[in-house]
Amino acid sequence: MSERPSEHGPAATARRAPAFDPQLRAALAARGERGPVTPENLAAVQERDATARPRPTAETLRDGGRFEVEELHAPGPRDGDGDGVTLVSARPAGATGPLPLLYYLHGGAMIMGNAWSVLPRLLRAWALPLQLAVISVEYRLAPQAPYPAPLEDCWAGLAWATGNAAALGWDADRIIVGGKSAGGGLAAALALLTRDRGGPAPIGQLLLSPMLDDRGTTFSSRQMAGRDTWDRTSNATAWQALLGERHGAADLPPYAAPARATDLSALPPAYIEVGSAETFRDEAVAYADAIWQAGGDAELHVWPGAFHGFDTLAPHAALSRDAHDTRTRWLQRILAR
């Protein structure tokens, strides 16, 4: 006879984990099993990602003339280690007047990804229907470039883009910072940094399944261990790569891990979304709650049965379409203010 699971401890936690949405579960099964990222396989994972992740050319991104695309180069960040920051800029072809700007930071856990791969979807989803420009930032990756290098790259690019907005056709008073996963965490950190350095001042922050907390102590990080597409083992590996010996330190600044922030006042309105069945669920919910407690503006969505990266893996699932539509409506409201 099998032993009945305890009401407490790991067995109960696993038994009580939220079920995946049926359409998302099917997409996950079709992808097949993938092991976690560990310190031992990190280099191999990075090499595989650099080879396999799409890196469309500017000509491909122009999509037969629908978009104007160019690479721009901002001066290096204030940490003194950067030679400059590459920004991939895109806008609807023929758009007139200064356009609002989505300043976007790609995902990849601070250890993977590139500025080009996210652009086709961003351009289709938002640049054309909302008539906005997009900048995707090629920030440096850990562990080769640990904190604060990635964030300082993002800051340097934003400061340069804002300072050159008039010449490049962007509206400096309508810039939204955003990103997914690691990019969402960087966007949250950038909103804190711009506030504390006195500008530039975004009008919104789009935080999609943001990577906010290095400590790995939330209930959802334990609950979804070994189940989510990005679980606590992979997450700890990425944070260790970014922070090194400072990982988990009591005095870690909030710009390194925004969940550490004790003052979330005077931030731009936030859109925060996360899945109910993902590692980052509780830290995202807590971040929204902390913004509310500080008197701020946050819109929170927890998608039932969604794992990390659900809309990338299953873009045509009903839940993914709902998430896209909801993000778009938030962007429209922010841009109309």
# chains A, B, ... in the order shown; residues from 1 in each chain; ligands from 1

call {"tool": "residues_around", "arguments": {"residues": "A:Asp289", "least_positions_apart": "3", "cutoff": "12 Å", "atoms": "only C-alpha atoms", "output": "VMD selection string"}}
result
chain A and resid 259 264 to 265 270 272 282 to 286 292 to 300

call {"tool": "write_last_selection", "arguments": {"atoms": "N, CA and C atoms", "output": "PDB file, in the first residue's frame"}}
result
ATOM      1  N   ALA A 259      12.912  42.913  -6.072  1.00  0.00           N
ATOM      2  CA  ALA A 259      12.122  42.458  -4.926  1.00  0.00           C
ATOM      3  C   ALA A 259      12.720  42.920  -3.609  1.00  0.00           C
ATOM      4  N   LEU A 264       8.874  51.681  -3.081  1.00  0.00           N
ATOM      5  CA  LEU A 264       8.334  51.565  -4.435  1.00  0.00           C
ATOM      6  C   LEU A 264       7.408  52.727  -4.763  1.00  0.00           C
ATOM      7  N   SER A 265       7.630  53.852  -4.116  1.00  0.00           N
ATOM      8  CA  SER A 265       6.840  55.040  -4.395  1.00  0.00           C
ATOM      9  C   SER A 265       7.369  55.743  -5.641  1.00  0.00           C
ATOM     10  N   ALA A 270       2.540  50.366 -13.576  1.00  0.00           N
ATOM     11  CA  ALA A 270       3.098  49.065 -13.927  1.00  0.00           C
ATOM     12  C   ALA A 270       2.004  48.123 -14.394  1.00  0.00           C
ATOM     13  N   ILE A 272       1.842  44.132 -14.583  1.00  0.00           N
ATOM     14  CA  ILE A 272       2.579  42.965 -14.102  1.00  0.00           C
ATOM     15  C   ILE A 272       1.744  41.729 -14.391  1.00  0.00           C
ATOM     16  N   ASP A 282       4.793  34.229  -7.023  1.00  0.00           N
ATOM     17  CA  ASP A 282       4.638  34.926  -5.747  1.00  0.00           C
ATOM     18  C   ASP A 282       5.459  36.207  -5.683  1.00  0.00           C
ATOM     19  N   GLU A 283       6.638  36.235  -6.316  1.00  0.00           N
ATOM     20  CA  GLU A 283       7.429  37.461  -6.282  1.00  0.00           C
ATOM     21  C   GLU A 283       6.778  38.549  -7.132  1.00  0.00           C
ATOM     22  N   ALA A 284       6.115  38.160  -8.232  1.00  0.00           N
ATOM     23  CA  ALA A 284       5.424  39.146  -9.054  1.00  0.00           C
ATOM     24  C   ALA A 284       4.213  39.714  -8.322  1.00  0.00           C
ATOM     25  N   VAL A 285       3.438  38.835  -7.689  1.00  0.00           N
ATOM     26  CA  VAL A 285       2.274  39.284  -6.927  1.00  0.00           C
ATOM     27  C   VAL A 285       2.711  40.198  -5.782  1.00  0.00           C
ATOM     28  N   ALA A 286       3.775  39.822  -5.092  1.00  0.00           N
ATOM     29  CA  ALA A 286       4.273  40.638  -3.987  1.00  0.00           C
ATOM     30  C   ALA A 286       4.741  42.001  -4.473  1.00  0.00           C
ATOM     31  N   TRP A 292       1.184  48.936  -4.678  1.00  0.00           N
ATOM     32  CA  TRP A 292      -0.080  49.445  -4.146  1.00  0.00           C
ATOM     33  C   TRP A 292       0.093  50.016  -2.741  1.00  0.00           C
ATOM     34  N   GLN A 293       0.849  49.301  -1.899  1.00  0.00           N
ATOM     35  CA  GLN A 293       1.049  49.778  -0.534  1.00  0.00           C
ATOM     36  C   GLN A 293       1.777  51.111  -0.501  1.00  0.00           C
ATOM     37  N   ALA A 294       2.590  51.368  -1.552  1.00  0.00           N
ATOM     38  CA  ALA A 294       3.297  52.645  -1.642  1.00  0.00           C
ATOM     39  C   ALA A 294       2.444  53.723  -2.304  1.00  0.00           C
ATOM     40  N   GLY A 295       1.187  53.404  -2.594  1.00  0.00           N
ATOM     41  CA  GLY A 295       0.296  54.373  -3.213  1.00  0.00           C
ATOM     42  C   GLY A 295       0.423  54.448  -4.714  1.00  0.00           C
ATOM     43  N   GLY A 296       1.056  53.450  -5.325  1.00  0.00           N
ATOM     44  CA  GLY A 296       1.313  53.481  -6.754  1.00  0.00           C
ATOM     45  C   GLY A 296       0.253  52.795  -7.582  1.00  0.00           C
ATOM     46  N   ASP A 297       0.498  52.756  -8.876  1.00  0.00           N
ATOM     47  CA  ASP A 297      -0.436  52.248  -9.880  1.00  0.00           C
ATOM     48  C   ASP A 297       0.134  50.962 -10.459  1.00  0.00           C
ATOM     49  N   ALA A 298      -0.534  49.843 -10.233  1.00  0.00           N
ATOM     50  CA  ALA A 298      -0.113  48.558 -10.793  1.00  0.00           C
ATOM     51  C   ALA A 298      -1.349  47.782 -11.221  1.00  0.00           C
ATOM     52  N   GLU A 299      -1.257  47.182 -12.387  1.00  0.00           N
ATOM     53  CA  GLU A 299      -2.303  46.283 -12.882  1.00  0.00           C
ATOM     54  C   GLU A 299      -1.709  44.887 -12.909  1.00  0.00           C
ATOM     55  N   LEU A 300      -2.314  43.975 -12.167  1.00  0.00           N
ATOM     56  CA  LEU A 300      -1.767  42.624 -12.007  1.00  0.00           C
ATOM     57  C   LEU A 300      -2.679  41.604 -12.665  1.00  0.00           C
TER      58      LEU A 300
END

call {"tool": "select_by_dssp", "arguments": {"residues": "stretch 76-191 of chain A", "states": "alpha helix (DSSP H)", "output": "number ranges by chain"}}
result
A: 119-122, 128-130, 149-163, 165-168, 182-191

call {"tool": "select_by_dssp", "arguments": {"residues": "stretch 60-305 of chain A", "states": "strand (DSSP E or B)", "output": "ChimeraX atom specification"}}
result
/A:67-74,85-92,99-105,133-138,170-180,204-208,270-275,298-303

call {"tool": "residues_around", "arguments": {"residues": "stretch 307-310 of chain A", "least_positions_apart": "4", "cutoff": "12 Å", "atoms": "only C-alpha atoms", "output": "PyMOL selection string"}}
result
chain A and resi 17-28+31+107-109+180-182+208-211+220-221+224-232+235+273-281+302-303+314-324

call {"tool": "closest_residue", "arguments": {"among": "A:Gly113, A:Pro100, A:Gly178, A:Pro92", "to": "A:Ala52", "atoms": "only C-alpha atoms"}}
result
A:Gly113

call {"tool": "residues_around", "arguments": {"residues": "A:Cys154", "least_positions_apart": "4", "cutoff": "7 Å", "atoms": "only C-alpha atoms", "output": "list in words"}}
result
Val137, Tyr139, Pro150 and Leu158 of chain A

call {"tool": "atom_distance", "arguments": {"atom1": "atom CA of A:Leu242", "atom2": "atom CA of A:Met110"}}
result
6.9 Å
